[in-house]
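File shown here: structure32.txt, holding compact mmCIF, C-alpha atoms.
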```txt
# COMPACT_ATOMS: atom_id res chain seq x y z
CA MET A 1 -3.21 -28.14 -34.46
CA LYS A 2 -6.35 -29.98 -33.28
CA ARG A 3 -4.21 -32.41 -31.28
CA ASP A 4 -2.45 -29.49 -29.57
CA ALA A 5 -5.78 -27.89 -28.70
CA ALA A 6 -7.07 -31.19 -27.29
CA LYS A 7 -3.91 -31.56 -25.16
CA SER A 8 -4.25 -28.00 -23.90
CA LEU A 9 -7.91 -28.57 -23.03
CA ARG A 10 -7.09 -31.81 -21.21
CA ALA A 11 -4.31 -30.05 -19.29
CA PHE A 12 -6.68 -27.22 -18.45
CA ALA A 13 -9.37 -29.64 -17.19
CA GLY A 14 -6.75 -31.37 -15.03
CA GLU A 15 -5.60 -28.00 -13.74
CA LEU A 16 -9.19 -27.11 -12.81
CA VAL A 17 -9.66 -30.31 -10.77
CA ILE A 18 -6.39 -29.89 -8.82
CA TYR A 19 -7.08 -26.18 -8.39
CA ALA A 20 -10.60 -26.87 -7.05
CA VAL A 21 -9.19 -29.23 -4.40
CA LEU A 22 -6.56 -26.66 -3.37
CA VAL A 23 -9.12 -23.85 -3.19
CA THR A 24 -11.54 -25.92 -1.09
CA GLY A 25 -8.74 -26.64 1.37
CA TYR A 26 -7.85 -22.96 1.34
CA PHE A 27 -11.44 -21.97 2.25
CA PHE A 28 -11.61 -24.28 5.23
CA LEU A 29 -8.13 -23.72 6.62
CA VAL A 30 -6.92 -20.21 5.82
CA LEU A 31 -10.16 -18.21 5.61
CA HIS A 32 -11.64 -19.88 8.69
CA VAL A 33 -8.54 -19.05 10.72
CA LEU A 34 -8.18 -15.53 9.26
CA GLY A 35 -11.89 -14.61 9.60
CA GLY A 36 -11.96 -13.76 13.30
CA TRP A 37 -8.64 -11.95 13.25
CA LEU A 38 -9.58 -9.81 10.22
CA TYR A 39 -12.97 -8.96 11.77
CA ARG A 40 -11.28 -7.71 14.95
CA LEU A 41 -8.74 -5.77 12.89
CA GLU A 42 -11.52 -4.17 10.80
CA THR A 43 -13.42 -2.99 13.87
CA GLN A 44 -10.41 -1.85 15.93
CA HIS A 45 -7.56 -0.83 13.58
CA ARG A 46 -8.95 0.30 10.22
CA VAL A 47 -5.67 1.59 8.76
CA VAL A 48 -3.80 -1.63 9.56
CA TYR A 49 -6.78 -3.60 8.20
CA ALA A 50 -6.64 -1.60 4.94
CA VAL A 51 -2.94 -2.38 4.43
CA VAL A 52 -3.36 -6.06 5.40
CA ALA A 53 -6.37 -6.39 3.04
CA LEU A 54 -4.36 -5.04 0.11
CA LEU A 55 -1.36 -7.25 0.88
CA LEU A 56 -3.59 -10.32 1.20
CA ILE A 57 -5.34 -9.86 -2.15
CA ALA A 58 -2.12 -8.95 -4.00
CA GLY A 59 -0.27 -11.86 -2.39
CA GLN A 60 -3.07 -14.27 -3.24
CA ALA A 61 -3.02 -13.04 -6.86
CA ILE A 62 0.71 -13.66 -7.27
CA VAL A 63 0.63 -17.05 -5.51
CA LEU A 64 -2.47 -18.36 -7.36
CA ASP A 65 -1.15 -17.08 -10.70
CA ALA A 66 2.12 -18.92 -10.09
CA ILE A 67 0.32 -22.09 -8.98
CA THR A 68 -2.01 -22.17 -12.01
CA THR A 69 0.84 -21.43 -14.43
CA VAL A 70 3.05 -24.19 -12.97
CA LEU A 71 0.11 -26.64 -12.85
CA PHE A 72 -0.78 -25.95 -16.47
CA ARG A 73 2.84 -26.40 -17.64
CA LEU A 74 3.28 -29.62 -15.65
CA LEU A 75 0.05 -31.16 -16.90
CA GLN A 76 0.74 -30.12 -20.50
CA ARG A 77 4.20 -31.73 -20.34
CA ARG A 78 2.77 -34.88 -18.74
CA TRP A 79 0.22 -35.34 -21.53
CA ARG A 80 2.63 -34.51 -24.36
CA MET B 81 -20.58 -19.18 4.74
CA PHE B 82 -20.81 -16.26 7.19
CA PHE B 83 -18.78 -13.14 6.43
CA PRO B 84 -18.60 -11.23 9.73
CA ILE B 85 -17.14 -7.99 8.38
CA SER B 86 -20.14 -7.20 6.15
CA ASN B 87 -22.49 -9.30 8.34
CA SER B 88 -23.73 -11.38 5.40
CA HIS B 89 -24.31 -15.06 4.58
CA ILE B 90 -23.18 -15.98 1.04
CA ASN B 91 -22.56 -19.37 -0.57
CA PRO B 92 -18.79 -19.47 -1.42
CA VAL B 93 -19.54 -21.43 -4.62
CA TYR B 94 -21.69 -18.50 -5.78
CA LEU B 95 -18.77 -16.12 -5.12
CA VAL B 96 -16.28 -18.36 -6.95
CA VAL B 97 -18.58 -18.63 -9.99
CA VAL B 98 -19.18 -14.86 -10.03
CA GLY B 99 -15.39 -14.35 -9.78
CA PHE B 100 -14.79 -16.84 -12.62
CA VAL B 101 -17.27 -15.09 -14.97
CA ILE B 102 -15.87 -11.65 -14.09
CA GLY B 103 -12.36 -13.02 -14.60
CA ILE B 104 -13.15 -14.07 -18.18
CA LEU B 105 -14.73 -10.68 -18.91
CA GLY B 106 -11.87 -8.82 -17.25
CA GLY B 107 -9.18 -10.68 -19.13
CA PHE B 108 -10.96 -10.25 -22.45
CA PHE B 109 -12.29 -6.68 -22.15
CA GLY B 110 -9.86 -5.09 -19.68
CA VAL B 111 -12.61 -4.20 -17.26
CA GLY B 112 -12.90 -4.73 -13.53
CA GLY B 113 -16.36 -6.26 -13.95
CA SER B 114 -18.00 -4.09 -11.30
CA PHE B 115 -21.15 -3.80 -13.43
CA ILE B 116 -21.64 -7.52 -12.69
CA ALA B 117 -19.88 -7.88 -9.32
CA GLY B 118 -21.63 -4.92 -7.63
CA PRO B 119 -25.17 -6.08 -8.49
CA ALA B 120 -24.21 -9.74 -7.86
CA LEU B 121 -23.09 -8.89 -4.33
CA ARG B 122 -26.16 -6.71 -3.77
CA LEU B 123 -28.33 -9.63 -4.87
CA MET B 124 -26.90 -11.58 -1.92
CA GLY B 125 -27.87 -8.78 0.46
CA VAL B 126 -24.49 -7.02 0.77
CA ASP B 127 -24.92 -3.23 1.27
CA TRP B 128 -23.89 -0.98 -1.64
CA ASN B 129 -20.98 0.57 0.24
CA TYR B 130 -19.57 -2.93 0.99
CA ALA B 131 -20.31 -4.09 -2.57
CA VAL B 132 -18.36 -1.11 -3.96
CA GLY B 133 -15.34 -1.43 -1.63
CA THR B 134 -15.14 -5.24 -1.68
CA ASP B 135 -15.37 -5.31 -5.45
CA LEU B 136 -12.40 -2.92 -5.65
CA ALA B 137 -10.29 -5.23 -3.49
CA HIS B 138 -11.23 -8.24 -5.65
CA ILE B 139 -10.35 -6.23 -8.77
CA VAL B 140 -6.81 -5.59 -7.50
CA GLY B 141 -6.09 -9.32 -7.37
CA LYS B 142 -7.76 -10.12 -10.66
CA SER B 143 -6.04 -7.25 -12.51
CA ILE B 144 -2.59 -8.29 -11.25
CA VAL B 145 -3.08 -11.70 -12.90
CA ALA B 146 -4.57 -10.24 -16.11
CA ALA B 147 -2.00 -7.43 -16.47
CA ARG B 148 0.88 -9.91 -16.09
CA LYS B 149 -0.57 -12.07 -18.86
CA HIS B 150 -1.26 -9.09 -21.15
CA ARG B 151 2.25 -7.74 -20.58
CA SER B 152 3.68 -11.05 -21.77
CA LEU B 153 1.62 -10.57 -24.97
CA GLY B 154 2.93 -6.99 -25.49
CA ASN B 155 -0.45 -5.38 -24.75
CA VAL B 156 0.60 -2.94 -22.00
CA ASP B 157 1.71 0.70 -22.50
CA LEU B 158 3.46 1.31 -19.16
CA LYS B 159 4.02 5.06 -19.71
CA LEU B 160 0.34 5.68 -20.49
CA GLY B 161 -0.72 3.45 -17.60
CA MET B 162 1.41 5.38 -15.10
CA ILE B 163 0.07 8.78 -16.23
CA MET B 164 -3.51 7.54 -16.16
CA ALA B 165 -3.09 6.05 -12.68
CA LEU B 166 -2.33 9.54 -11.32
CA GLY B 167 -5.53 11.06 -12.79
CA THR B 168 -7.58 8.05 -11.75
CA ILE B 169 -6.52 8.34 -8.11
CA ILE B 170 -7.55 12.03 -8.02
CA GLY B 171 -10.93 11.20 -9.57
CA ALA B 172 -11.45 8.11 -7.38
CA GLU B 173 -11.02 10.18 -4.22
CA GLY B 174 -13.72 12.57 -5.46
CA GLY B 175 -16.07 9.65 -6.15
CA ALA B 176 -15.41 8.07 -2.73
CA GLN B 177 -16.04 11.40 -1.00
CA LEU B 178 -19.39 11.68 -2.79
CA ILE B 179 -20.32 8.15 -1.59
CA GLN B 180 -19.52 9.25 1.98
CA ALA B 181 -21.69 12.37 1.60
CA LEU B 182 -24.58 10.26 0.26
CA LYS B 183 -24.13 7.78 3.13
CA ARG B 184 -24.51 10.66 5.59
CA ALA B 185 -27.56 11.94 3.69
CA GLY B 186 -29.03 8.41 3.85
CA ASN B 187 -29.80 7.91 0.15
CA VAL B 188 -26.66 6.24 -1.17
CA ASN B 189 -28.48 3.18 -2.58
CA THR B 190 -31.05 5.11 -4.65
CA VAL B 191 -28.61 7.64 -6.13
CA VAL B 192 -25.89 5.10 -6.99
CA SER B 193 -28.49 2.78 -8.56
CA TRP B 194 -29.86 5.48 -10.88
CA VAL B 195 -26.45 6.81 -11.87
CA ALA B 196 -25.33 3.23 -12.59
CA ILE B 197 -28.34 2.62 -14.88
CA VAL B 198 -27.76 5.83 -16.91
CA VAL B 199 -23.99 5.31 -17.25
CA TYR B 200 -24.18 1.61 -18.19
CA ALA B 201 -26.95 2.16 -20.76
CA SER B 202 -25.18 5.15 -22.37
CA ILE B 203 -21.92 3.23 -22.82
CA SER B 204 -23.70 0.25 -24.37
CA ILE B 205 -25.69 2.35 -26.84
CA PHE B 206 -22.62 4.32 -27.96
CA MET B 207 -20.39 1.26 -28.36
CA LEU B 208 -23.11 -0.62 -30.25
CA TRP B 209 -23.35 2.24 -32.75
CA GLU B 210 -19.59 2.65 -33.11
CA SER B 211 -18.52 -1.00 -33.40
CA TYR B 212 -21.43 -1.83 -35.74
CA SER B 213 -20.53 1.14 -37.99
CA THR B 214 -16.84 0.17 -38.00
CA LEU B 215 -17.56 -3.46 -38.85
CA LYS B 216 -19.89 -2.30 -41.67
CA LEU B 217 -17.16 0.00 -43.05
CA HIS B 218 -14.58 -2.83 -43.01
CA LYS B 219 -16.89 -5.68 -43.92
CA GLY B 220 -14.49 -7.35 -46.37
CA GLN B 221 -11.64 -7.36 -43.88
CA SER B 222 -13.69 -8.72 -40.98
CA ARG B 223 -14.99 -11.67 -43.02
CA ARG B 224 -11.57 -13.12 -43.69
CA THR B 225 -10.00 -15.38 -41.06
CA VAL B 226 -7.99 -13.33 -38.62
CA LYS B 227 -4.56 -14.57 -37.51
CA PRO B 228 -3.55 -13.77 -33.93
CA THR B 229 -0.67 -11.58 -35.16
CA GLU B 230 -2.86 -9.27 -37.28
CA THR B 231 -5.69 -8.64 -34.81
CA LYS B 232 -4.04 -5.59 -33.21
CA ALA B 233 -4.42 -3.29 -36.24
CA ASP B 234 -7.47 -1.22 -35.29
CA HIS B 235 -10.23 0.81 -37.00
CA SER B 236 -13.02 2.93 -35.52
CA ALA B 237 -16.01 4.79 -36.99
CA PHE B 238 -15.25 7.40 -34.32
CA GLY B 239 -11.74 7.80 -35.80
CA PRO B 240 -12.17 11.35 -37.25
CA VAL B 241 -13.22 12.72 -33.84
CA THR B 242 -10.29 10.91 -32.20
CA LYS B 243 -7.90 12.51 -34.74
CA LYS B 244 -9.28 15.98 -33.86
CA ILE B 245 -8.74 15.30 -30.16
CA GLN B 246 -5.18 14.12 -30.84
CA GLY B 247 -4.65 17.30 -32.90
CA MET B 248 -5.32 19.58 -29.91
CA LYS B 249 -1.78 20.86 -29.23
CA ILE B 250 -2.08 21.79 -25.56
CA TRP B 251 1.35 21.81 -23.87
CA PRO B 252 2.83 19.44 -22.72
CA MET B 253 2.45 16.93 -25.56
CA ILE B 254 3.32 13.30 -24.71
CA SER B 255 4.65 10.68 -27.15
CA LEU B 256 3.47 7.12 -26.55
CA PRO B 257 5.49 4.93 -28.94
CA THR B 258 3.96 1.66 -27.68
CA SER B 259 0.45 2.90 -28.52
CA GLY B 260 1.69 4.81 -31.58
CA ILE B 261 0.16 8.17 -30.61
CA ARG B 262 1.19 11.70 -29.57
CA ILE B 263 -1.33 13.54 -27.40
CA SER B 264 -1.67 16.29 -24.78
CA LEU B 265 -1.00 15.26 -21.17
CA TRP B 266 -4.20 17.10 -20.19
CA THR B 267 -6.35 14.93 -22.45
CA ILE B 268 -4.93 11.78 -20.85
CA LEU B 269 -5.47 13.20 -17.36
CA ALA B 270 -9.04 14.29 -18.17
CA VAL B 271 -9.95 10.77 -19.33
CA ALA B 272 -8.30 9.32 -16.23
CA VAL B 273 -10.01 11.70 -13.77
CA VAL B 274 -13.47 10.99 -15.21
CA GLY B 275 -12.80 7.23 -15.12
CA GLY B 276 -11.44 7.53 -11.57
CA PHE B 277 -14.49 9.46 -10.39
CA PHE B 278 -16.81 6.66 -11.55
CA SER B 279 -14.44 4.11 -10.06
CA GLY B 280 -14.80 5.71 -6.62
CA PHE B 281 -18.52 6.35 -7.03
CA LEU B 282 -19.85 3.19 -8.69
CA GLY B 283 -17.09 0.83 -7.59
CA GLY B 284 -14.72 -1.29 -9.61
CA GLY B 285 -11.90 -0.08 -11.77
CA ALA B 286 -14.29 1.83 -14.10
CA GLY B 287 -12.84 -0.03 -17.06
CA TYR B 288 -16.32 0.16 -18.62
CA ILE B 289 -15.63 3.90 -19.04
CA ARG B 290 -11.85 4.01 -19.34
CA MET B 291 -11.31 1.22 -21.88
CA PRO B 292 -13.75 2.79 -24.42
CA SER B 293 -12.35 6.27 -23.60
CA MET B 294 -8.81 5.11 -24.34
CA VAL B 295 -9.94 3.79 -27.72
CA TYR B 296 -12.30 6.63 -28.74
CA VAL B 297 -10.76 9.71 -27.06
CA LEU B 298 -7.03 8.89 -26.93
CA GLY B 299 -6.93 6.65 -30.03
CA VAL B 300 -5.15 3.70 -28.36
CA PRO B 301 -5.57 0.36 -30.27
CA THR B 302 -8.17 -1.86 -28.54
CA HIS B 303 -5.75 -4.64 -27.51
CA LEU B 304 -3.37 -2.12 -25.92
CA ALA B 305 -6.30 -0.31 -24.28
CA VAL B 306 -7.38 -3.60 -22.67
CA GLY B 307 -3.88 -4.44 -21.34
CA THR B 308 -2.97 -0.89 -20.30
CA ASP B 309 -6.31 -0.42 -18.58
CA LEU B 310 -5.71 -3.54 -16.50
CA PHE B 311 -2.23 -2.34 -15.51
CA GLU B 312 -3.66 1.05 -14.57
CA ILE B 313 -6.49 -0.61 -12.63
CA VAL B 314 -3.95 -2.42 -10.42
CA ILE B 315 -2.61 0.95 -9.22
CA SER B 316 -5.90 2.86 -8.98
CA ALA B 317 -7.92 -0.01 -7.48
CA SER B 318 -5.19 -0.53 -4.85
CA TYR B 319 -5.59 3.09 -3.84
CA GLY B 320 -9.40 2.70 -3.92
CA THR B 321 -9.18 -0.42 -1.73
CA ILE B 322 -7.12 1.41 0.90
CA THR B 323 -9.39 4.45 1.00
CA HIS B 324 -12.61 2.37 1.08
CA ALA B 325 -11.17 -0.03 3.70
CA ILE B 326 -10.32 2.90 5.99
CA LYS B 327 -13.92 4.13 5.56
CA GLY B 328 -15.22 0.64 6.54
CA ASN B 329 -16.46 -0.42 3.09
CA VAL B 330 -14.31 -3.53 2.39
CA ASP B 331 -15.01 -7.17 3.34
CA ILE B 332 -11.70 -8.69 2.29
CA LEU B 333 -12.89 -12.26 3.01
CA ILE B 334 -15.54 -12.00 0.28
CA ALA B 335 -12.93 -10.54 -2.10
CA LEU B 336 -10.47 -13.38 -1.40
CA VAL B 337 -13.10 -16.05 -2.10
CA MET B 338 -14.27 -14.35 -5.32
CA HIS B 339 -10.70 -14.00 -6.49
CA THR B 340 -10.03 -17.77 -6.41
CA GLY B 341 -12.50 -18.14 -9.30
CA ALA B 342 -11.29 -15.01 -11.07
CA VAL B 343 -7.72 -16.32 -11.43
CA ILE B 344 -8.80 -19.13 -13.78
CA GLY B 345 -11.35 -17.01 -15.67
CA THR B 346 -8.84 -14.21 -16.27
CA GLN B 347 -6.35 -16.53 -17.96
CA ILE B 348 -9.02 -17.78 -20.36
CA GLY B 349 -10.09 -14.20 -21.18
CA VAL B 350 -6.56 -12.95 -21.87
CA VAL B 351 -5.75 -15.79 -24.27
CA ALA B 352 -9.07 -15.25 -26.10
CA THR B 353 -8.19 -11.60 -27.00
CA GLN B 354 -5.53 -12.90 -29.38
CA TYR B 355 -8.18 -14.33 -31.71
CA PHE B 356 -10.46 -11.28 -32.13
CA ALA B 357 -10.06 -7.96 -33.97
CA GLY B 358 -10.63 -4.65 -32.08
CA PRO B 359 -14.15 -3.78 -33.36
CA LYS B 360 -15.37 -7.32 -32.61
CA ILE B 361 -14.06 -7.07 -29.04
CA ARG B 362 -15.89 -3.73 -28.70
CA LEU B 363 -19.13 -5.13 -30.16
CA ALA B 364 -18.98 -8.11 -27.80
CA PHE B 365 -18.52 -5.61 -24.94
CA VAL B 366 -21.95 -3.98 -25.59
CA PRO B 367 -24.21 -6.37 -23.59
CA LEU B 368 -22.04 -6.28 -20.47
CA PRO B 369 -22.96 -2.88 -19.03
CA LEU B 370 -26.58 -3.58 -20.05
CA ILE B 371 -26.59 -6.72 -17.89
CA GLY B 372 -25.43 -4.61 -14.95
CA ALA B 373 -28.12 -2.00 -15.67
CA ALA B 374 -30.80 -4.72 -15.97
CA ILE B 375 -29.89 -6.19 -12.57
CA VAL B 376 -30.04 -2.75 -10.95
CA ILE B 377 -33.43 -2.00 -12.62
CA TYR B 378 -34.81 -5.40 -11.56
CA THR B 379 -33.89 -4.86 -7.93
CA LEU B 380 -35.23 -1.29 -7.96
CA VAL B 381 -38.59 -2.41 -9.43
CA THR B 382 -39.04 -5.54 -7.28
CA GLY B 383 -37.84 -3.83 -4.11
CA HIS B 384 -35.19 -6.44 -3.34
CA LYS B 385 -32.35 -5.21 -1.15
CA LEU B 386 -30.25 -3.52 -3.80
```
Target encoding structure tokens, full file:
Amino acid sequence: MKRDAAKSLRAFAGELVIYAVLVTGYFFLVLHVLGGWLYRLETQHRVVYAVVALLLIAGQAIVLDAITTVLFRLLQRRWR
Amino acid sequence: MFFPISNSHINPVYLVVVGFVIGILGGFFGVGGSFIAGPALRLMGVDWNYAVGTDLAHIVGKSIVAARKHRSLGNVDLKLGMIMALGTIIGAEGGAQLIQALKRAGNVNTVVSWVAIVVYASISIFMLWESYSTLKLHKGQSRRTVKPTETKADHSAFGPVTKKIQGMKIWPMISLPTSGIRISLWTILAVAVVGGFFSGFLGGGAGYIRMPSMVYVLGVPTHLAVGTDLFEIVISASYGTITHAIKGNVDILIALVMHTGAVIGTQIGVVATQYFAGPKIRLAFVPLPLIGAAIVIYTLVTGHKL
């Protein structure tokens, strides 16, 4: 039981490190590129901006959830 | 990092950490975490209307992750969630309209701050009394080690009042086999409309009102209330995001950054619910709205931009 918990914790720590690298890259690449476009959309086409905003956050949720789940499974299997 | 939509400078690490903390709370308590996120954004100089709208957008993403995890654990009553989403949307529109009226009147910050303080404090005081009384009544049971499979059986000191509410036979009556209750549709809608109103007015998914209401008014077991509330929040917060974004109250860039932290926190919170009984989850919930109230009081007293 304790060994399983230790493995899970180690896998989780590994997941955090990989995730942090991915997220940092995401900040610099995606958000930097999207920033100007979203700002213009927000000031000029509010309805389109509203739909895009919702799609972006929902899409990010599904993608990040999938990434973290896969990462956790992979790392857990690797350390088994 | 500069966020042009809300015209504010915020450290992204701060946003990720705030998202992570809110994610843990959201996954564990089934709340959006607006009582932390709203004041936390205000502390960084974001206007209330942006704090409210942006927080809603962030909640959509976080609740999608949490609801998926809770569903895999059997903690979501889809039928109840769908009905509540309808009432929440009606209430949320009313709350958002009131925010717009206050914006026009020029006193949105003061009014929302005071309402937030009263609501947060009232919820905390009531839940402290109820969960403490319940734990005292079932002292012997709570002392023994709880296995994950037996945590979902629930007790509440408010149970007799809940039974009376369930006994109100106002047509149409709805059976909810997943939650194990039969109750009037109007009672469910009333709870949802009130929760929705506060969602539109104070921001967030209003889980700090709806989760306790589902337990105390509808009689839904705490674990199911947490999961169902999150599912319902996905629908209602999506609607809230659209309506606030059209009104110019959403900075989606801030929400996206916050959400990267929330994804990890949410998963921790969801797994943790499996190891705690209902009254203990409710007792642990008590300080959360108080933290939100304390931040609002601090900024009102010190005159910081909140």
Original post:
When you draw a straight line from CA of Ile332 in chain B to CA of Leu38 in chain A, how long is it in Å?
Top reply: 8.3 Å
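Using all atoms listed in the file for every distance, the candidate list B:Lys249, B:His324, B:Arg148, B:Lys244 yields B:His324 as the residue closest to Ala172 in chain B.
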Original post:
Which chain A residues are at most 9 Å from chain B (counting all atoms listed in the file), as an MDAnalysis selection string?
Top reply: chainID A and resid 16 23 27 31 34:36 38:40 42:43 45:51 53:54 56:62 64:65 68
**OP:** Find the residues near range 276-281 of chain B: any atom within 8 Å, counting all atoms listed in the file, skip ones fewer than 2 places away on the same chain, and give them as a ChimeraX atom specification.
**Re:** /B:167-176,178-179,192,272-274,283-286,316,320
**OP:** Within 8 Å of Thr214 in chain B, counting all atoms listed in the file, which residues show up once you throw out same-chain ones fewer than 3 positions away? Write them as a PyMOL selection string, please.
**Re:** chain B and resi 210-211+217-218+235-237+359
Give me, as a compact mmCIF listing (two decimals) with C-alpha atoms, keeping the file's coordinate frame, all polymer residues having an atom no more than 10 Å from range 114-127 of chain B, counting only C-alpha atoms and skipping those fewer than 6 positions away in the same chain.
```
# COMPACT_ATOMS: atom_id res chain seq x y z
CA SER B 86 -20.14 -7.20 6.15
CA ASN B 87 -22.49 -9.30 8.34
CA SER B 88 -23.73 -11.38 5.40
CA HIS B 89 -24.31 -15.06 4.58
CA ILE B 90 -23.18 -15.98 1.04
CA ASN B 91 -22.56 -19.37 -0.57
CA TYR B 94 -21.69 -18.50 -5.78
CA LEU B 95 -18.77 -16.12 -5.12
CA VAL B 98 -19.18 -14.86 -10.03
CA GLY B 99 -15.39 -14.35 -9.78
CA VAL B 101 -17.27 -15.09 -14.97
CA ILE B 102 -15.87 -11.65 -14.09
CA LEU B 105 -14.73 -10.68 -18.91
CA GLY B 106 -11.87 -8.82 -17.25
CA GLY B 133 -15.34 -1.43 -1.63
CA THR B 134 -15.14 -5.24 -1.68
CA ASP B 135 -15.37 -5.31 -5.45
CA LEU B 136 -12.40 -2.92 -5.65
CA HIS B 138 -11.23 -8.24 -5.65
CA ILE B 139 -10.35 -6.23 -8.77
CA VAL B 188 -26.66 6.24 -1.17
CA ASN B 189 -28.48 3.18 -2.58
CA SER B 193 -28.49 2.78 -8.56
CA ALA B 196 -25.33 3.23 -12.59
CA ILE B 197 -28.34 2.62 -14.88
CA TYR B 200 -24.18 1.61 -18.19
CA SER B 279 -14.44 4.11 -10.06
CA LEU B 282 -19.85 3.19 -8.69
CA GLY B 283 -17.09 0.83 -7.59
CA GLY B 284 -14.72 -1.29 -9.61
CA GLY B 285 -11.90 -0.08 -11.77
CA ALA B 286 -14.29 1.83 -14.10
CA GLY B 287 -12.84 -0.03 -17.06
CA TYR B 288 -16.32 0.16 -18.62
CA ASN B 329 -16.46 -0.42 3.09
CA ASP B 331 -15.01 -7.17 3.34
CA ILE B 334 -15.54 -12.00 0.28
CA MET B 338 -14.27 -14.35 -5.32
CA LEU B 368 -22.04 -6.28 -20.47
CA PRO B 369 -22.96 -2.88 -19.03
CA LEU B 370 -26.58 -3.58 -20.05
CA ILE B 371 -26.59 -6.72 -17.89
CA GLY B 372 -25.43 -4.61 -14.95
CA ALA B 373 -28.12 -2.00 -15.67
CA ALA B 374 -30.80 -4.72 -15.97
CA ILE B 375 -29.89 -6.19 -12.57
CA VAL B 376 -30.04 -2.75 -10.95
CA THR B 379 -33.89 -4.86 -7.93
CA HIS B 384 -35.19 -6.44 -3.34
CA LYS B 385 -32.35 -5.21 -1.15
CA LEU B 386 -30.25 -3.52 -3.80
```
**OP:** Tell me, as a ChimeraX atom specification, which residues lie within 12 Å of Trp266 in chain B, counting all atoms listed in the file; anything in the same chain fewer than 6 positions away does not count.
**Re:** /B:163-164,166-167,245-246,248-254,272-273,298
Original post:
In Å, how far is it from CA of Gly161 in chain B to CA of Gly103 in chain B?
Top reply: 20.4 Å
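Picture a line from CA of Val306 in chain B to CA of Pro367 in chain B; it runs 17.1 Å.
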Quick one: range 14-63 of chain A with C-alpha atoms, as a PDB file, in the first residue's frame?
```
ATOM      1  CA  GLY A  14       7.281  13.735 -12.610  1.00  0.00           C
ATOM      2  CA  GLU A  15       3.994  14.766 -14.183  1.00  0.00           C
ATOM      3  CA  LEU A  16       4.254  18.191 -12.518  1.00  0.00           C
ATOM      4  CA  VAL A  17       7.756  18.813 -13.905  1.00  0.00           C
ATOM      5  CA  ILE A  18       6.822  17.840 -17.490  1.00  0.00           C
ATOM      6  CA  TYR A  19       3.552  19.745 -17.199  1.00  0.00           C
ATOM      7  CA  ALA A  20       5.362  22.891 -15.963  1.00  0.00           C
ATOM      8  CA  VAL A  21       7.685  22.817 -18.997  1.00  0.00           C
ATOM      9  CA  LEU A  22       4.719  22.383 -21.369  1.00  0.00           C
ATOM     10  CA  VAL A  23       2.755  25.187 -19.719  1.00  0.00           C
ATOM     11  CA  THR A  24       5.714  27.599 -19.837  1.00  0.00           C
ATOM     12  CA  GLY A  25       6.074  26.921 -23.558  1.00  0.00           C
ATOM     13  CA  TYR A  26       2.341  27.407 -23.944  1.00  0.00           C
ATOM     14  CA  PHE A  27       2.495  30.848 -22.257  1.00  0.00           C
ATOM     15  CA  PHE A  28       5.239  32.129 -24.521  1.00  0.00           C
ATOM     16  CA  LEU A  29       4.027  30.687 -27.807  1.00  0.00           C
ATOM     17  CA  VAL A  30       0.240  30.411 -27.827  1.00  0.00           C
ATOM     18  CA  LEU A  31      -0.849  33.207 -25.477  1.00  0.00           C
ATOM     19  CA  HIS A  32       1.651  35.681 -26.934  1.00  0.00           C
ATOM     20  CA  VAL A  33       0.384  34.999 -30.444  1.00  0.00           C
ATOM     21  CA  LEU A  34      -3.297  34.912 -29.416  1.00  0.00           C
ATOM     22  CA  GLY A  35      -3.134  38.064 -27.227  1.00  0.00           C
ATOM     23  CA  GLY A  36      -3.298  40.702 -29.948  1.00  0.00           C
ATOM     24  CA  TRP A  37      -5.905  38.858 -31.981  1.00  0.00           C
ATOM     25  CA  LEU A  38      -8.199  38.289 -28.975  1.00  0.00           C
ATOM     26  CA  TYR A  39      -7.852  41.939 -27.921  1.00  0.00           C
ATOM     27  CA  ARG A  40      -8.951  43.125 -31.375  1.00  0.00           C
ATOM     28  CA  LEU A  41     -11.806  40.614 -31.368  1.00  0.00           C
ATOM     29  CA  GLU A  42     -12.948  41.780 -27.912  1.00  0.00           C
ATOM     30  CA  THR A  43     -13.051  45.421 -28.952  1.00  0.00           C
ATOM     31  CA  GLN A  44     -14.577  44.931 -32.420  1.00  0.00           C
ATOM     32  CA  HIS A  45     -16.695  41.726 -32.437  1.00  0.00           C
ATOM     33  CA  ARG A  46     -17.969  40.963 -28.940  1.00  0.00           C
ATOM     34  CA  VAL A  47     -20.304  38.098 -29.896  1.00  0.00           C
ATOM     35  CA  VAL A  48     -17.598  36.276 -31.862  1.00  0.00           C
ATOM     36  CA  TYR A  49     -15.174  36.938 -28.984  1.00  0.00           C
ATOM     37  CA  ALA A  50     -17.658  35.406 -26.513  1.00  0.00           C
ATOM     38  CA  VAL A  51     -17.980  32.199 -28.558  1.00  0.00           C
ATOM     39  CA  VAL A  52     -14.211  31.971 -29.188  1.00  0.00           C
ATOM     40  CA  ALA A  53     -13.499  32.539 -25.462  1.00  0.00           C
ATOM     41  CA  LEU A  54     -15.801  29.685 -24.476  1.00  0.00           C
ATOM     42  CA  LEU A  55     -14.364  27.340 -27.111  1.00  0.00           C
ATOM     43  CA  LEU A  56     -10.807  28.185 -26.035  1.00  0.00           C
ATOM     44  CA  ILE A  57     -11.355  27.466 -22.337  1.00  0.00           C
ATOM     45  CA  ALA A  58     -13.373  24.290 -22.990  1.00  0.00           C
ATOM     46  CA  GLY A  59     -10.824  23.082 -25.535  1.00  0.00           C
ATOM     47  CA  GLN A  60      -7.938  23.803 -23.181  1.00  0.00           C
ATOM     48  CA  ALA A  61      -9.738  21.872 -20.409  1.00  0.00           C
ATOM     49  CA  ILE A  62     -10.194  18.763 -22.549  1.00  0.00           C
ATOM     50  CA  VAL A  63      -6.656  18.872 -23.981  1.00  0.00           C
TER      51      VAL A  63
END
```
